[in-house]
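Data from work-v4.txt: compact mmCIF, C-alpha atoms
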# COMPACT_ATOMS: atom_id res chain seq x y z
CA MET P 1 14.16 17.85 -4.71
CA SER P 2 13.50 18.56 -8.38
CA LYS P 3 9.97 18.75 -9.71
CA ARG P 4 8.36 15.87 -11.53
CA LYS P 5 5.20 15.56 -13.54
CA THR P 6 3.01 13.55 -11.19
CA GLY P 7 -0.33 12.09 -12.16
CA LEU P 8 -3.32 11.70 -9.84
CA MET P 9 -5.82 8.93 -10.53
CA TYR P 10 -9.11 9.68 -8.79
CA SER P 11 -12.85 9.47 -9.33
CA ALA P 12 -15.75 10.71 -7.23
CA ALA P 13 -17.17 7.20 -7.70
CA PHE P 14 -14.67 5.89 -5.15
CA ALA P 15 -16.62 7.69 -2.41
CA ASN P 16 -19.68 5.65 -3.34
CA TYR P 17 -18.15 2.34 -2.35
CA LYS P 18 -19.79 0.80 0.72
CA ALA P 19 -18.75 -2.61 1.96
CA GLY P 20 -21.47 -2.68 4.58
CA ASP P 21 -21.90 -1.79 8.23
CA GLY P 22 -19.53 -2.52 11.07
CA TYR P 23 -17.28 -1.13 13.75
CA LEU P 24 -13.63 -0.54 12.79
CA CYS P 25 -12.54 -3.92 11.35
CA ILE P 26 -15.58 -5.93 12.52
CA PRO P 27 -18.43 -6.43 10.01
CA SER P 28 -21.91 -6.26 11.51
CA GLU P 29 -22.46 -9.97 10.72
CA TYR P 30 -19.78 -10.86 13.27
CA SER P 31 -21.63 -9.57 16.33
CA PRO P 32 -25.16 -8.42 17.20
CA TRP P 33 -23.77 -6.34 20.08
CA ILE P 34 -21.46 -3.83 18.43
CA SER P 35 -22.33 -0.35 17.23
CA THR P 36 -22.01 0.01 13.46
CA SER P 37 -21.31 3.73 13.55
CA ASP P 38 -17.56 3.75 12.89
CA TYR P 39 -16.52 1.30 10.18
CA TYR P 40 -12.90 1.67 9.05
CA ASP P 41 -13.24 2.00 5.28
CA THR P 42 -15.40 5.09 4.74
CA PRO P 43 -15.70 7.62 1.89
CA GLU P 44 -13.78 10.20 3.93
CA ARG P 45 -10.59 8.21 3.35
CA VAL P 46 -10.48 9.64 -0.18
CA THR P 47 -12.74 12.71 -0.08
CA GLU P 48 -10.82 14.36 2.80
CA ALA P 49 -7.51 13.85 0.99
CA TYR P 50 -8.86 15.13 -2.33
CA GLY P 51 -10.30 18.18 -0.58
CA LEU P 52 -6.96 18.97 1.08
CA LEU P 53 -5.12 18.63 -2.22
CA GLU P 54 -7.62 21.07 -3.72
CA LYS P 55 -7.44 23.61 -0.88
CA SER P 56 -3.64 23.50 -0.81
CA GLY P 57 -3.35 24.28 -4.52
CA LEU P 58 -1.37 21.09 -5.11
CA LEU P 59 -4.20 19.48 -7.08
CA GLY P 60 -3.82 22.01 -9.90
CA LYS P 61 -0.17 21.01 -10.32
CA LEU P 62 -0.95 17.35 -10.90
CA ALA P 63 -1.87 15.66 -14.17
CA ASN P 64 -5.32 14.08 -14.15
CA ILE P 65 -5.49 10.36 -14.91
CA THR P 66 -9.00 9.18 -15.73
CA PRO P 67 -9.91 5.69 -14.53
CA ARG P 68 -11.76 3.13 -16.63
CA PRO P 69 -13.33 -0.20 -15.64
CA ALA P 70 -11.03 -3.21 -15.49
CA THR P 71 -12.10 -6.07 -17.71
CA GLN P 72 -12.95 -9.61 -16.60
CA GLU P 73 -9.67 -10.75 -18.17
CA GLU P 74 -7.73 -8.21 -16.14
CA LEU P 75 -9.45 -9.13 -12.87
CA THR P 76 -8.71 -12.80 -13.48
CA SER P 77 -5.03 -12.21 -14.19
CA PHE P 78 -4.65 -12.95 -10.47
CA HIS P 79 -8.05 -14.07 -9.13
CA SER P 80 -9.97 -17.13 -10.29
CA SER P 81 -13.01 -16.76 -12.53
CA GLU P 82 -15.10 -18.43 -9.83
CA TYR P 83 -14.12 -15.81 -7.25
CA ILE P 84 -14.85 -12.89 -9.57
CA GLU P 85 -18.23 -14.44 -10.45
CA LYS P 86 -18.99 -14.72 -6.73
CA LEU P 87 -18.16 -11.04 -6.27
CA LYS P 88 -20.36 -10.13 -9.23
CA ARG P 89 -23.28 -12.11 -7.84
CA LEU P 90 -23.03 -10.57 -4.36
CA SER P 91 -22.47 -7.11 -5.80
CA GLU P 92 -25.63 -7.34 -7.88
CA GLY P 93 -27.54 -8.35 -4.75
CA GLU P 94 -27.28 -7.14 -1.19
CA GLY P 95 -23.60 -7.99 -0.77
CA GLY P 96 -22.05 -10.40 1.71
CA LEU P 97 -18.92 -11.80 3.30
CA VAL P 98 -16.12 -12.80 0.92
CA GLY P 99 -13.36 -13.62 3.39
CA GLU P 100 -12.19 -13.16 6.97
CA PHE P 101 -13.46 -9.77 8.22
CA CYS P 102 -14.14 -8.94 4.56
CA ARG P 103 -17.41 -7.86 2.98
CA ILE P 104 -18.51 -6.53 -0.38
CA GLY P 105 -21.63 -4.39 -0.61
CA HIS P 106 -24.26 -3.77 -3.25
CA GLY P 107 -22.62 -2.33 -6.39
CA GLY P 108 -19.18 -2.85 -4.89
CA LEU P 109 -17.59 -4.70 -7.80
CA ASP P 110 -18.39 -1.84 -10.19
CA VAL P 111 -16.40 0.58 -8.03
CA ILE P 112 -13.59 -1.92 -7.48
CA ALA P 113 -13.30 -2.55 -11.21
CA GLN P 114 -13.08 1.22 -11.78
CA ALA P 115 -10.28 1.49 -9.21
CA VAL P 116 -8.33 -1.44 -10.65
CA GLY P 117 -8.74 -0.07 -14.17
CA GLY P 118 -7.56 3.30 -12.89
CA ASP P 119 -4.41 1.70 -11.50
CA LEU P 120 -3.71 0.10 -14.87
CA ALA P 121 -4.31 3.45 -16.59
CA ALA P 122 -1.82 5.06 -14.21
CA LEU P 123 0.77 2.39 -15.04
CA ASP P 124 0.22 2.97 -18.76
CA GLU P 125 0.68 6.73 -18.33
CA VAL P 126 3.92 6.21 -16.42
CA MET P 127 5.28 3.68 -18.91
CA ALA P 128 4.37 5.98 -21.82
CA ARG P 129 6.26 8.81 -20.04
CA HIS P 130 3.19 11.02 -20.12
CA VAL P 131 3.86 11.43 -16.39
CA ASP P 132 6.96 10.61 -14.37
CA ASN P 133 5.05 8.96 -11.54
CA ALA P 134 1.48 8.61 -10.33
CA PHE P 135 -0.56 8.42 -7.14
CA CYS P 136 -3.85 6.48 -7.20
CA LEU P 137 -6.29 7.92 -4.65
CA GLN P 138 -8.89 5.17 -4.38
CA ARG P 139 -10.77 2.75 -2.22
CA PRO P 140 -11.27 0.05 -1.15
CA PRO P 141 -7.75 -1.23 -0.42
CA GLY P 142 -6.62 -4.49 -2.01
CA ALA P 143 -3.19 -5.83 -1.04
CA HIS P 144 -4.41 -8.38 1.54
CA ALA P 145 -6.77 -10.09 -0.93
CA GLU P 146 -5.82 -13.63 -1.91
CA ARG P 147 -6.65 -15.50 -5.10
CA GLU P 148 -9.87 -17.07 -3.83
CA SER P 149 -10.90 -14.77 -0.98
CA GLY P 150 -10.76 -11.30 0.48
CA PHE P 151 -9.23 -10.36 3.80
CA GLY P 152 -9.96 -7.36 5.99
CA PHE P 153 -11.12 -4.54 3.75
CA CYS P 154 -9.37 -5.97 0.67
CA VAL P 155 -11.61 -7.68 -1.90
CA VAL P 156 -9.56 -7.62 -5.13
CA ASN P 157 -5.76 -7.51 -5.17
CA ASN P 158 -5.15 -4.56 -7.46
CA PHE P 159 -1.39 -4.68 -6.79
CA ASN P 160 -0.96 -8.20 -8.14
CA ILE P 161 -3.09 -7.31 -11.16
CA LEU P 162 -0.96 -4.18 -11.73
CA ILE P 163 2.27 -6.16 -11.49
CA ASN P 164 0.96 -8.81 -13.88
CA ARG P 165 0.20 -6.04 -16.38
CA ALA P 166 3.71 -4.61 -16.01
CA ARG P 167 5.23 -8.03 -16.62
CA GLU P 168 3.01 -9.13 -19.50
CA LYS P 169 2.49 -5.87 -21.43
CA TYR P 170 5.86 -4.24 -20.81
CA GLY P 171 8.09 -7.26 -20.26
CA LEU P 172 9.51 -6.03 -16.96
CA LYS P 173 11.61 -8.57 -15.05
CA ARG P 174 12.58 -6.61 -11.93
CA ILE P 175 9.68 -4.95 -10.13
CA MET P 176 10.15 -3.65 -6.60
CA LEU P 177 7.05 -3.48 -4.42
CA ILE P 178 7.63 -1.28 -1.36
CA ASP P 179 5.14 -1.29 1.51
CA PHE P 180 5.08 1.10 4.50
CA ASP P 181 1.54 0.20 5.53
CA ASN P 182 0.98 -1.36 8.95
CA HIS P 183 0.60 -5.09 8.20
CA TYR P 184 2.32 -7.79 6.17
CA LYS P 185 0.36 -8.76 3.04
CA ASN P 186 -0.44 -12.46 2.54
CA GLY P 187 -2.00 -11.67 -0.84
CA ILE P 188 1.33 -10.32 -2.11
CA GLU P 189 3.18 -13.32 -0.68
CA GLN P 190 0.80 -15.74 -2.40
CA ALA P 191 1.68 -14.31 -5.81
CA TRP P 192 5.41 -13.61 -5.59
CA TYR P 193 7.02 -15.60 -2.75
CA GLY P 194 8.84 -17.94 -5.13
CA THR P 195 10.16 -15.50 -7.75
CA ASN P 196 13.04 -13.02 -8.03
CA GLU P 197 11.20 -11.00 -10.69
CA VAL P 198 9.18 -9.20 -8.01
CA LEU P 199 10.92 -8.04 -4.84
CA TYR P 200 8.57 -7.31 -1.94
CA ALA P 201 10.14 -5.03 0.71
CA GLU P 202 7.94 -4.05 3.62
CA VAL P 203 7.94 -2.66 7.16
CA HIS P 204 5.14 -3.66 9.52
CA GLN P 205 4.05 -3.42 13.13
CA SER P 206 4.73 -6.67 14.92
CA GLY P 207 2.94 -8.36 17.78
CA ALA P 208 0.02 -5.99 18.36
CA MET P 209 -2.81 -7.90 16.68
CA ALA P 210 -3.54 -11.56 15.96
CA GLU P 211 -1.00 -12.88 13.46
CA ASN P 212 -2.19 -13.12 9.88
CA SER P 213 1.18 -14.60 8.85
CA VAL P 214 4.27 -16.14 10.40
CA ALA P 215 6.02 -13.05 9.01
CA ASP P 216 4.35 -10.98 11.74
CA LYS P 217 7.24 -11.72 14.13
CA ASN P 218 9.68 -13.58 11.89
CA ALA P 219 12.06 -11.65 9.65
CA ASP P 220 13.38 -14.95 8.24
CA HIS P 221 10.23 -15.37 6.11
CA ILE P 222 12.35 -14.37 3.12
CA GLY P 223 10.98 -16.31 0.16
CA GLU P 224 11.53 -19.75 -1.31
CA GLY P 225 13.23 -21.25 -4.35
CA ALA P 226 14.23 -18.57 -6.84
CA GLY P 227 12.55 -16.01 -4.58
CA ARG P 228 14.73 -16.67 -1.53
CA GLY P 229 15.99 -13.30 -0.29
CA TYR P 230 13.43 -11.39 -2.33
CA ASN P 231 10.77 -11.20 0.39
CA VAL P 232 12.27 -8.52 2.61
CA VAL P 233 10.35 -8.54 5.90
CA ILE P 234 11.03 -5.87 8.56
CA PRO P 235 8.91 -6.43 11.70
CA MET P 236 9.00 -3.34 13.94
CA PRO P 237 7.91 -3.04 17.59
CA SER P 238 4.72 -1.16 18.44
CA GLY P 239 5.36 2.53 18.95
CA SER P 240 8.00 2.79 16.24
CA GLY P 241 7.97 6.22 14.63
CA ASP P 242 9.59 8.28 11.92
CA ALA P 243 13.20 7.74 12.98
CA ALA P 244 12.87 3.96 13.16
CA TYR P 245 11.14 3.64 9.81
CA ILE P 246 13.58 5.98 8.08
CA LYS P 247 16.51 3.98 9.48
CA ALA P 248 14.94 0.72 8.25
CA PHE P 249 14.49 2.20 4.77
CA GLU P 250 17.97 3.71 4.60
CA GLU P 251 19.85 0.70 5.97
CA ILE P 252 17.86 -2.15 4.40
CA ILE P 253 15.49 -1.15 1.59
CA VAL P 254 17.79 1.38 -0.12
CA PRO P 255 20.86 -0.91 -0.31
CA VAL P 256 18.69 -3.83 -1.47
CA ALA P 257 17.32 -1.58 -4.23
CA GLU P 258 20.85 -0.53 -5.19
CA GLN P 259 21.69 -4.17 -5.85
CA TYR P 260 18.34 -5.24 -7.32
CA LYS P 261 18.08 -2.27 -9.70
CA PRO P 262 14.29 -2.35 -10.26
CA GLU P 263 12.78 -1.41 -13.61
CA LEU P 264 9.57 -0.24 -11.91
CA VAL P 265 8.73 0.71 -8.34
CA VAL P 266 5.24 0.18 -6.94
CA LEU P 267 4.40 1.73 -3.56
CA ILE P 268 1.73 0.24 -1.31
CA ALA P 269 0.81 3.66 0.06
CA GLY P 270 -1.04 2.68 3.20
CA PHE P 271 -1.20 4.99 6.19
CA ALA P 272 -2.43 2.73 8.98
CA SER P 273 0.81 3.41 10.89
CA ASN P 274 -0.07 7.09 11.32
CA ILE P 275 -0.19 8.22 14.93
CA PHE P 276 -3.98 8.67 15.01
CA ASP P 277 -5.03 5.44 13.32
CA PRO P 278 -7.64 3.73 15.54
CA LEU P 279 -6.53 0.16 14.78
CA CYS P 280 -2.74 0.38 14.85
CA ARG P 281 -0.10 1.54 17.30
CA GLN P 282 2.74 3.13 15.39
CA GLN P 283 3.88 6.76 15.60
CA LEU P 284 4.46 7.83 12.01
CA THR P 285 3.72 11.45 11.17
CA ALA P 286 2.80 13.07 7.87
CA THR P 287 6.31 14.55 7.79
CA GLY P 288 7.74 11.06 8.26
CA TYR P 289 5.63 9.64 5.46
CA GLY P 290 6.86 12.43 3.22
CA LYS P 291 10.47 11.49 3.97
CA LEU P 292 9.80 7.82 3.28
CA ALA P 293 8.13 8.72 -0.02
CA GLY P 294 11.17 10.81 -0.89
CA ILE P 295 13.37 7.76 -0.36
CA VAL P 296 11.08 5.68 -2.57
CA ARG P 297 11.09 8.32 -5.28
CA ASN P 298 14.88 8.45 -5.20
CA ILE P 299 14.99 4.66 -5.68
CA ALA P 300 12.74 5.01 -8.73
CA ASP P 301 14.75 7.94 -10.09
CA ARG P 302 18.05 6.16 -9.62
CA HIS P 303 17.14 2.77 -11.04
CA ALA P 304 13.78 2.81 -12.82
CA GLN P 305 13.87 6.01 -14.91
CA GLY P 306 11.61 7.57 -12.28
CA ARG P 307 8.85 5.03 -12.95
CA LEU P 308 6.81 4.89 -9.75
CA VAL P 309 3.15 4.06 -9.17
CA ALA P 310 1.79 4.61 -5.64
CA VAL P 311 -1.64 3.23 -4.73
CA LEU P 312 -3.61 4.09 -1.59
CA GLU P 313 -4.00 1.14 0.76
CA GLY P 314 -4.95 1.26 4.48
CA GLY P 315 -5.42 4.00 7.05
CA LYS P 316 -8.25 6.00 8.59
CA GLY P 317 -8.95 9.45 9.97
CA ASN P 318 -8.68 13.07 8.89
CA TYR P 319 -4.95 13.13 9.69
CA MET P 320 -4.35 10.61 6.91
CA SER P 321 -5.11 13.42 4.44
CA PHE P 322 -1.99 15.24 5.57
CA CYS P 323 0.04 12.04 5.18
CA ILE P 324 -1.18 11.64 1.60
CA LEU P 325 -0.45 15.31 0.85
CA LYS P 326 3.14 14.99 2.06
CA VAL P 327 3.68 11.83 0.00
CA ILE P 328 2.43 13.54 -3.15
CA GLU P 329 4.62 16.56 -2.39
CA ALA P 330 7.63 14.23 -2.22
CA MET P 331 6.68 12.45 -5.43
CA SER P 332 6.07 15.65 -7.39
CA GLY P 333 8.72 17.93 -5.91
CA GLU P 334 5.95 20.52 -5.45
CA GLN P 335 5.54 22.10 -2.02
CA SER P 336 2.35 23.43 -0.49
CA GLU P 337 1.95 25.77 2.46
CA VAL P 338 0.16 23.10 4.50
CA PRO P 339 2.09 22.25 7.68
CA ASP P 340 2.02 18.93 9.46
CA PRO P 341 -0.45 19.71 12.27
CA VAL P 342 1.43 17.54 14.78
CA ASP P 343 4.84 19.17 14.35
CA GLY P 344 6.17 19.61 17.86
CA LEU P 345 3.13 17.96 19.42
CA ILE P 346 3.40 14.16 19.27
CA VAL P 347 6.66 13.10 17.70
CA ARG P 348 8.60 9.89 18.26
CA ASN P 349 11.87 11.17 16.83
CA PHE P 350 14.33 8.93 18.62
CA LEU P 351 15.31 5.30 18.31
CA THR P 352 14.86 2.82 21.14
CA HIS P 353 16.94 -0.26 21.82
CA ASP P 354 14.23 -2.66 20.63
CA GLN P 355 13.79 -0.76 17.36
CA ASN P 356 17.53 -0.81 16.65
CA ALA P 357 17.64 -4.51 17.55
CA ALA P 358 14.79 -5.31 15.15
CA ILE P 359 16.58 -3.58 12.28
CA GLU P 360 19.90 -5.28 13.04
CA GLU P 361 18.19 -8.68 13.16
CA VAL P 362 16.78 -8.18 9.66
CA LYS P 363 20.20 -7.13 8.34
CA LYS P 364 21.75 -10.27 9.82
CA ILE P 365 19.12 -12.54 8.25
CA LEU P 366 19.46 -10.92 4.81
CA SER P 367 23.26 -10.71 4.83
CA PRO P 368 23.73 -13.94 2.80
CA TYR P 369 21.66 -12.40 -0.02
CA TRP P 370 22.40 -8.66 0.05
CA LYS P 371 25.30 -6.44 1.12
CA LEU P 372 23.90 -4.45 4.03
Starting from the file, lay out its structure as structure tokens.
Amino acid sequence: MSKRKTGLMYSAAFANYKAGDGYLCIPSEYSPWISTSDYYDTPERVTEAYGLLEKSGLLGKLANITPRPATQEELTSFHSSEYIEKLKRLSEGEGGLVGEFCRIGHGGLDVIAQAVGGDLAALDEVMARHVDNAFCLQRPPGAHAERESGFGFCVVNNFNILINRAREKYGLKRIMLIDFDNHYKNGIEQAWYGTNEVLYAEVHQSGAMAENSVADKNADHIGEGAGRGYNVVIPMPSGSGDAAYIKAFEEIIVPVAEQYKPELVVLIAGFASNIFDPLCRQQLTATGYGKLAGIVRNIADRHAQGRLVAVLEGGKGNYMSFCILKVIEAMSGEQSEVPDPVDGLIVRNFLTHDQNAAIEEVKKILSPYWKL
């Protein structure tokens, strides 16, 4: 794979974000009985990855993209003014709940605004051709956030704000949003379910946790009106690994992209499907994530002049750092000497009947809209 000039958007300020206390996905307000020693969204999600990029030598081969604070106008390009004012008020105080399982802490909006502004800066650098593509290493995540509320760890939907910028500033009419994180995103659906100008293509783990959408088990949740066929939902059984996800990408997402011909590709780069994630039950490895990112980069190269912006979403644990490294290797064409520590150890490298059946079901549902 040829080399590309890849930008990295990062700030040490992202490690300062603290939503509050809790255990995994449960904020402390939800129960007086739980330990609050292992909340999911911690500074290590970005600091471990940045440190590995530095130690590997890959960091020095990336172009630095400096974030800047998003403006009120930018934040309200998706969210209501009332919601942003609520976040500001809580952020200036002691913080508080802003949605289901979702909390913002003291000073949180300042960090979130910096991350959102950094995403917009990365888009501008890609569109100006100062870099070919960019990875935004930030927290907290954002794709689950809806217009009037947060969800999970997502407070502000930076992806919808980014896409609005691409549409309004650059006039783009075909944006492809690809998502290999572990859960379907209601916040994305809320913004784009009825349009063909944004195509959302995602793979998610089905049936393991309480449903946050009918799309959890239903691949026929494909959009409405002008957007029918442009919400590409691929529910995968628990335990699906590299081979299953690669097959889903190659047999569904790639041919859809060939026909859609996106002008910009945005990657929801979440790693909650990695084999060591404490909340989720998929078997993706860092090597697998690298291969998926290579597929995404090829889509951008083939149809969008290489224009690709990847933004960190979910995932936890030190192993996620290796997943991020392999994705950036694939985006940049640069290789480090860092091996995937689980090579030959825990690898789901074969397809099961239920995984094949899930993929074939999606192809059948989408066949009236796309040649698959």
**Study point:** Surrounding residues of stretch 148-160 of chain P excluding itself and chain neighbours under 4 positions, 6 Å, only C-alpha atoms, as a PyMOL selection string
**Key:** chain P and resi 83+98-102+116+141-144
Stretch 90-173 of chain P residues near stretch 56-69 of chain P within 6 Å, closest pair each, using all atoms listed in the file, as a tab-separated table:
residue	atom	partner	partner_atom	distance
P:Ala113	CA	P:Pro69	CA	5.0
P:Gln114	CA	P:Pro69	CA	4.1
P:Gly117	CA	P:Pro69	CA	4.8
P:Gly118	CA	P:Pro67	CA	3.7
Point to revise | Expected residue set, 10 Å radius at (-7.7, 19.8, 3.1), all atoms listed in the file, as a ChimeraX atom specification | key: /P:47-57,318-319,321-322,325,338
Exercise for review: Name all residues at most 9 Å from P:Glu313 (count all atoms listed in the file; drop same-chain ones fewer than 3 positions away) and give them as an MDAnalysis selection string.
Suggested key: chainID P and resid 137:143 154 181 268:272
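The residue that comes closest to P:Gly96, out of P:Cys25, P:Ile163, P:Ala201, P:Ala19 and on the basis of all atoms listed in the file, is P:Ala19.
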Review point. In terms of the shortest atom-to-atom distance over all atoms listed in the file, which of P:Lys261, P:Arg103, P:His204, P:Arg45 is closest to P:Ile299?
Key: P:Lys261
Review point. Which polymer residues have any atom within 9 Å of an atom of P:Thr287, counting all atoms listed in the file, with same-chain residues fewer than 6 positions away left out, as a ChimeraX atom specification?
Key: /P:242,322-323,326-327,339-340,343
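What separates atom CA of P:Leu90 from atom CA of P:Val111 is a distance of 13.5 Å.
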Rebuild stretch 101-110 of chain P to all heavy atoms - output it as a PDB file, in the frame of the given file, please.
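Writing done, so here's part.pdb:
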ATOM      1  N   PHE P 101     -13.242 -11.190   7.955  1.00  0.00           N
ATOM      2  CA  PHE P 101     -13.460  -9.770   8.220  1.00  0.00           C
ATOM      3  C   PHE P 101     -13.666  -8.965   6.936  1.00  0.00           C
ATOM      4  O   PHE P 101     -13.441  -7.755   6.918  1.00  0.00           O
ATOM      5  CB  PHE P 101     -12.306  -9.162   9.025  1.00  0.00           C
ATOM      6  CG  PHE P 101     -12.189  -9.700  10.414  1.00  0.00           C
ATOM      7  CD1 PHE P 101     -11.195 -10.620  10.724  1.00  0.00           C
ATOM      8  CD2 PHE P 101     -13.047  -9.300  11.416  1.00  0.00           C
ATOM      9  CE1 PHE P 101     -11.086 -11.139  12.003  1.00  0.00           C
ATOM     10  CE2 PHE P 101     -12.951  -9.796  12.698  1.00  0.00           C
ATOM     11  CZ  PHE P 101     -11.963 -10.723  12.994  1.00  0.00           C
ATOM     12  N   CYS P 102     -14.088  -9.612   5.873  1.00  0.00           N
ATOM     13  CA  CYS P 102     -14.140  -8.940   4.560  1.00  0.00           C
ATOM     14  C   CYS P 102     -15.532  -9.057   3.963  1.00  0.00           C
ATOM     15  O   CYS P 102     -16.088 -10.154   3.847  1.00  0.00           O
ATOM     16  CB  CYS P 102     -13.119  -9.568   3.614  1.00  0.00           C
ATOM     17  SG  CYS P 102     -12.970  -8.692   2.041  1.00  0.00           S
ATOM     18  N   ARG P 103     -16.063  -7.912   3.528  1.00  0.00           N
ATOM     19  CA  ARG P 103     -17.410  -7.860   2.980  1.00  0.00           C
ATOM     20  C   ARG P 103     -17.436  -6.988   1.735  1.00  0.00           C
ATOM     21  O   ARG P 103     -16.734  -5.988   1.649  1.00  0.00           O
ATOM     22  CB  ARG P 103     -18.364  -7.284   4.033  1.00  0.00           C
ATOM     23  CG  ARG P 103     -19.827  -7.485   3.725  1.00  0.00           C
ATOM     24  CD  ARG P 103     -20.725  -6.863   4.783  1.00  0.00           C
ATOM     25  NE  ARG P 103     -22.091  -7.342   4.669  1.00  0.00           N
ATOM     26  CZ  ARG P 103     -22.952  -6.914   3.747  1.00  0.00           C
ATOM     27  NH1 ARG P 103     -22.597  -5.979   2.871  1.00  0.00           N
ATOM     28  NH2 ARG P 103     -24.178  -7.407   3.701  1.00  0.00           N
ATOM     29  N   ILE P 104     -18.233  -7.379   0.773  1.00  0.00           N
ATOM     30  CA  ILE P 104     -18.510  -6.530  -0.380  1.00  0.00           C
ATOM     31  C   ILE P 104     -19.978  -6.134  -0.310  1.00  0.00           C
ATOM     32  O   ILE P 104     -20.830  -6.945   0.078  1.00  0.00           O
ATOM     33  CB  ILE P 104     -18.182  -7.239  -1.708  1.00  0.00           C
ATOM     34  CG1 ILE P 104     -18.270  -6.243  -2.876  1.00  0.00           C
ATOM     35  CG2 ILE P 104     -19.084  -8.445  -1.936  1.00  0.00           C
ATOM     36  CD1 ILE P 104     -17.747  -6.808  -4.196  1.00  0.00           C
ATOM     37  N   GLY P 105     -20.267  -4.878  -0.654  1.00  0.00           N
ATOM     38  CA  GLY P 105     -21.630  -4.390  -0.610  1.00  0.00           C
ATOM     39  C   GLY P 105     -22.271  -4.317  -1.979  1.00  0.00           C
ATOM     40  O   GLY P 105     -21.639  -4.617  -2.999  1.00  0.00           O
ATOM     41  N   HIS P 106     -23.530  -3.910  -1.994  1.00  0.00           N
ATOM     42  CA  HIS P 106     -24.260  -3.770  -3.250  1.00  0.00           C
ATOM     43  C   HIS P 106     -23.528  -2.786  -4.167  1.00  0.00           C
ATOM     44  O   HIS P 106     -23.179  -1.674  -3.765  1.00  0.00           O
ATOM     45  CB  HIS P 106     -25.675  -3.263  -2.988  1.00  0.00           C
ATOM     46  CG  HIS P 106     -26.439  -2.965  -4.239  1.00  0.00           C
ATOM     47  ND1 HIS P 106     -26.943  -3.963  -5.057  1.00  0.00           N
ATOM     48  CD2 HIS P 106     -26.758  -1.778  -4.828  1.00  0.00           C
ATOM     49  CE1 HIS P 106     -27.541  -3.402  -6.085  1.00  0.00           C
ATOM     50  NE2 HIS P 106     -27.459  -2.087  -5.971  1.00  0.00           N
ATOM     51  N   GLY P 107     -23.298  -3.179  -5.412  1.00  0.00           N
ATOM     52  CA  GLY P 107     -22.620  -2.330  -6.390  1.00  0.00           C
ATOM     53  C   GLY P 107     -21.126  -2.234  -6.186  1.00  0.00           C
ATOM     54  O   GLY P 107     -20.446  -1.491  -6.911  1.00  0.00           O
ATOM     55  N   GLY P 108     -20.588  -2.989  -5.239  1.00  0.00           N
ATOM     56  CA  GLY P 108     -19.180  -2.850  -4.890  1.00  0.00           C
ATOM     57  C   GLY P 108     -18.223  -3.218  -6.000  1.00  0.00           C
ATOM     58  O   GLY P 108     -17.187  -2.564  -6.187  1.00  0.00           O
ATOM     59  N   LEU P 109     -18.532  -4.258  -6.764  1.00  0.00           N
ATOM     60  CA  LEU P 109     -17.590  -4.700  -7.800  1.00  0.00           C
ATOM     61  C   LEU P 109     -17.438  -3.651  -8.892  1.00  0.00           C
ATOM     62  O   LEU P 109     -16.359  -3.514  -9.474  1.00  0.00           O
ATOM     63  CB  LEU P 109     -18.031  -6.039  -8.393  1.00  0.00           C
ATOM     64  CG  LEU P 109     -17.049  -6.656  -9.384  1.00  0.00           C
ATOM     65  CD1 LEU P 109     -15.683  -6.888  -8.738  1.00  0.00           C
ATOM     66  CD2 LEU P 109     -17.601  -7.962  -9.956  1.00  0.00           C
ATOM     67  N   ASP P 110     -18.492  -2.898  -9.178  1.00  0.00           N
ATOM     68  CA  ASP P 110     -18.390  -1.840 -10.190  1.00  0.00           C
ATOM     69  C   ASP P 110     -17.354  -0.800  -9.780  1.00  0.00           C
ATOM     70  O   ASP P 110     -16.545  -0.340 -10.602  1.00  0.00           O
ATOM     71  CB  ASP P 110     -19.744  -1.169 -10.395  1.00  0.00           C
ATOM     72  CG  ASP P 110     -20.762  -2.089 -11.041  1.00  0.00           C
ATOM     73  OD1 ASP P 110     -20.364  -3.052 -11.713  1.00  0.00           O
ATOM     74  OD2 ASP P 110     -21.976  -1.843 -10.855  1.00  0.00           O
TER      75      ASP P 110
END
